[in-house]
Structures are given as structure tokens and as C-alpha cells.
Amino acid sequence: MGGRTTEGTFSETGVWNVANIYSEDMIFFHALWSDRSRMMARLGCLDPIEDAGLDEGVKLNYKVTGLKWFYMHLDLLISNSKFAIKDAKLNKNIEKLHDKLCKVHVCMKAIETKKINQKDHNDTIEVNEKLFDSCYDEMVIIFETLLPILYKENLIYQYIKKYDVKERKTLALERAIQEG
């Protein structure tokens with residue numbers, strides 16, 4: 001009957017479905033990594049066991065790196081979502097979020113100062129924690145404002161109609177037979 005649906009490559013009619021792949025790779029991926037980077041920016045790591053063993057200087061470096069990655073994934077998430085937003089009002093909201101994010105990015109450049117110790121030639125960084133927290137908080141607001149828009153436009157969650165279990169079993173059996 002229908003085409004192959006594992007991996008999201010074919011629709012029910014057997015037609016190549018690039019929208020599903022794009023949504024997974026270009027939107028969901030960056031939403032997921034925005035969240036992970038957000039955690040790294042806040043905690044300086046992604047794992048509680050790692051957290052216990054890390055030096056505070058290393059955590060500080062990871063926090064700054066996490067904030068940079070949070071920005072990058074959030075920027076890509078917004079950029080990759082813009083064209084798919086059908087509602088004009090929501091599209092304007094997306095543009096405003098992107099403008100705010102660009103302003104945050106300008107501020108981010110002043111967060112860290114690298115210094116080289118002349119004796120042992122080790123790099124150290126000094127972080128403006130107040131500016132770091134301000135940028136982080138603004139990015140969290142942008143991210144948390146963006147997610148409901150993506151949800152409403154079915155870009156991170158697709159509404160699935162209720163279905164008849166017997167019908168789905170029959171379709172699954174037919175697909176299994178066709179795919180071997």
C-alpha cells in the first residue's frame with residue numbers, strides 16, 4: 001500500500017518526504033542541542049559524575065563554550081525555522097527573537113578575557129559573570145518563547161489523528177510484507 005516510513009523518507013503514498021527529514025535534521029536537532037548547550041552553559045558539564053570531578057577553572061571554560069554553542073544552535077534553529085512558519089504574526093515574532101539574539105551575540109563578545117601567564121605560558125580566562133548571566137537569561141527567554149511557536153506550527157511535534165488499531169495493524173502487516 002504505502003511507501004516505506006522508517007527513517008521518515010517516504011510518505012503514506014510512497015512519495016519522498018523531505019519535509020520530515022528537514023524538520024528532524026535542521027529543526028529538532030538544533031532544538032535538542034540548544035537545550036544541551038544551555039545545560040552546559042549553566043553547569044559547566046553535561047553529566048553529574050563529570051561535574052563532581054571537574055576543576056572549577058575547567059567548568060568555567062565549559063560554561064563559556066556552552067554559552068557559545070547555545071547561541072549557535074539557537075541561531076540555527078531560528079534561521080532554519082523562519083521559512084516554515086506560515087502564520088504572519090508568528091513569523092514577525094520569530095524575526096523579533098532573531099533580532100534579540102543578534103543583540104545578545106554582540107554582548108557575548110565582552111564576556112571573556114583571555115590572559116597568558118608569562119611564567120608558565122598557560123592561558124586563563126576571566127569571565128564577566130554578570131554579563132554572562134544576562135546573556136544566558138536572555139537566550140533562555142528566547143528559546144522558551146520559540147518552542148511554543150515551533151510546536152504550534154508542527155515543526156517539533158506533529159499532531160497525529162486518533163486511529164483504528166486494527167487498521168494500523170493491517171497497514172503494518174502490509175508494509176512488512178512489501179518490504180520483506
# chains A, B, ... in the order shown; residues from 1 in each chain; ligands from 1
>>> residues_around(residues="range 103-115 of chain A", least_positions_apart="6", cutoff="9 Å", atoms="only C-alpha atoms", output="short mmCIF file (atom, residue, chain, number, x, y, z; two decimals) with C-alpha atoms, in the first residue's frame")
data_model
loop_
_atom_site.label_atom_id
_atom_site.label_comp_id
_atom_site.auth_asym_id
_atom_site.auth_seq_id
_atom_site.Cartn_x
_atom_site.Cartn_y
_atom_site.Cartn_z
CA VAL A 64 31.63 29.83 28.23
CA LEU A 67 27.02 29.59 26.01
CA LYS A 68 28.67 29.91 22.59
CA TYR A 71 23.93 30.77 20.81
CA ASN A 122 49.15 28.85 30.47
CA ASP A 123 46.01 30.53 29.24
CA THR A 124 43.47 31.64 31.80
CA ILE A 125 40.18 33.35 31.24
CA GLU A 126 38.37 35.92 33.25
CA VAL A 127 34.60 35.92 32.86
CA ASN A 128 32.30 38.85 33.42
CA GLU A 129 29.74 36.76 35.33
CA LYS A 130 27.09 39.47 35.41
CA LEU A 131 27.21 39.82 31.62
CA PHE A 132 27.38 36.03 31.22
CA SER A 134 22.46 38.37 31.49
CA CYS A 135 23.22 36.80 28.08
CA TYR A 136 22.31 33.34 29.33
CA GLU A 138 18.06 36.38 27.59
CA MET A 139 18.85 33.33 25.47
#
>>> select_by_dssp(residues="range 60-133 of chain A", states="strand (DSSP E)", output="PyMOL selection string")
chain A and resi 112-116+123-127
>>> residues_around(residues="Met26 in chain A", least_positions_apart="4", cutoff="7 Å", atoms="only C-alpha atoms", output="ChimeraX atom specification")
/A:22,30,80
>>> atom_distance(atom1="CA of Lys166 in chain A", atom2="CA of Ser23 in chain A")
29.4 Å
>>> select_by_dssp(residues="range 79-158 of chain A", states="alpha helix (DSSP H)", output="PyMOL selection string")
chain A and resi 79-82+88-108+129-152
>>> write_last_selection(atoms="C-alpha atoms", output="compact mmCIF listing (two decimals), in the first residue's frame")
# COMPACT_ATOMS: atom_id res chain seq x y z
CA SER A 79 17.17 30.55 10.87
CA ASN A 80 16.09 27.07 9.82
CA SER A 81 12.55 27.61 11.12
CA LYS A 82 11.78 31.04 9.63
CA ALA A 88 2.48 36.06 9.52
CA LYS A 89 2.19 37.14 13.16
CA LEU A 90 4.30 34.21 14.34
CA ASN A 91 6.81 34.96 11.61
CA LYS A 92 7.16 38.52 12.92
CA ASN A 93 7.69 37.08 16.39
CA ILE A 94 10.45 34.84 15.02
CA GLU A 95 12.12 37.88 13.44
CA LYS A 96 11.97 39.76 16.75
CA LEU A 97 13.51 36.79 18.55
CA HIS A 98 16.30 36.68 15.98
CA ASP A 99 16.94 40.41 16.42
CA LYS A 100 17.17 39.93 20.20
CA LEU A 101 19.55 37.03 19.72
CA CYS A 102 21.80 39.16 17.49
CA LYS A 103 21.97 41.79 20.25
CA VAL A 104 22.90 39.09 22.75
CA HIS A 105 25.66 37.92 20.43
CA VAL A 106 27.18 41.40 20.38
CA CYS A 107 27.24 41.41 24.21
CA MET A 108 28.72 37.91 24.32
CA GLU A 129 29.74 36.76 35.33
CA LYS A 130 27.09 39.47 35.41
CA LEU A 131 27.21 39.82 31.62
CA PHE A 132 27.38 36.03 31.22
CA ASP A 133 24.25 35.58 33.35
CA SER A 134 22.46 38.37 31.49
CA CYS A 135 23.22 36.80 28.08
CA TYR A 136 22.31 33.34 29.33
CA ASP A 137 18.99 34.53 30.78
CA GLU A 138 18.06 36.38 27.59
CA MET A 139 18.85 33.33 25.47
CA VAL A 140 16.73 31.12 27.73
CA ILE A 141 13.81 33.53 27.29
CA ILE A 142 14.30 33.47 23.50
CA PHE A 143 14.46 29.66 23.47
CA GLU A 144 11.41 29.26 25.70
CA THR A 145 9.47 31.75 23.56
CA LEU A 146 10.50 29.98 20.36
CA LEU A 147 9.49 26.44 21.35
CA PRO A 148 5.71 27.11 21.56
CA ILE A 149 5.86 28.75 18.11
CA LEU A 150 7.58 25.70 16.65
CA TYR A 151 5.08 23.48 18.43
CA LYS A 152 2.12 25.46 17.12
>>> closest_residue(among="A:Leu77, A:Met40, A:Ala52, A:Ile116", to="Thr65 in chain A", atoms="only C-alpha atoms")
A:Met40
>>> atom_distance(atom1="CA of Phe70 in chain A", atom2="CA of Ile156 in chain A")
18.0 Å
>>> atom_distance(atom1="CA of Ile78 in chain A", atom2="CA of Arg38 in chain A")
15.5 Å
>>> closest_residue(among="A:Glu167, A:Gly57, A:Ala172, A:Leu74", to="Gly44 in chain A", atoms="only C-alpha atoms")
A:Gly57
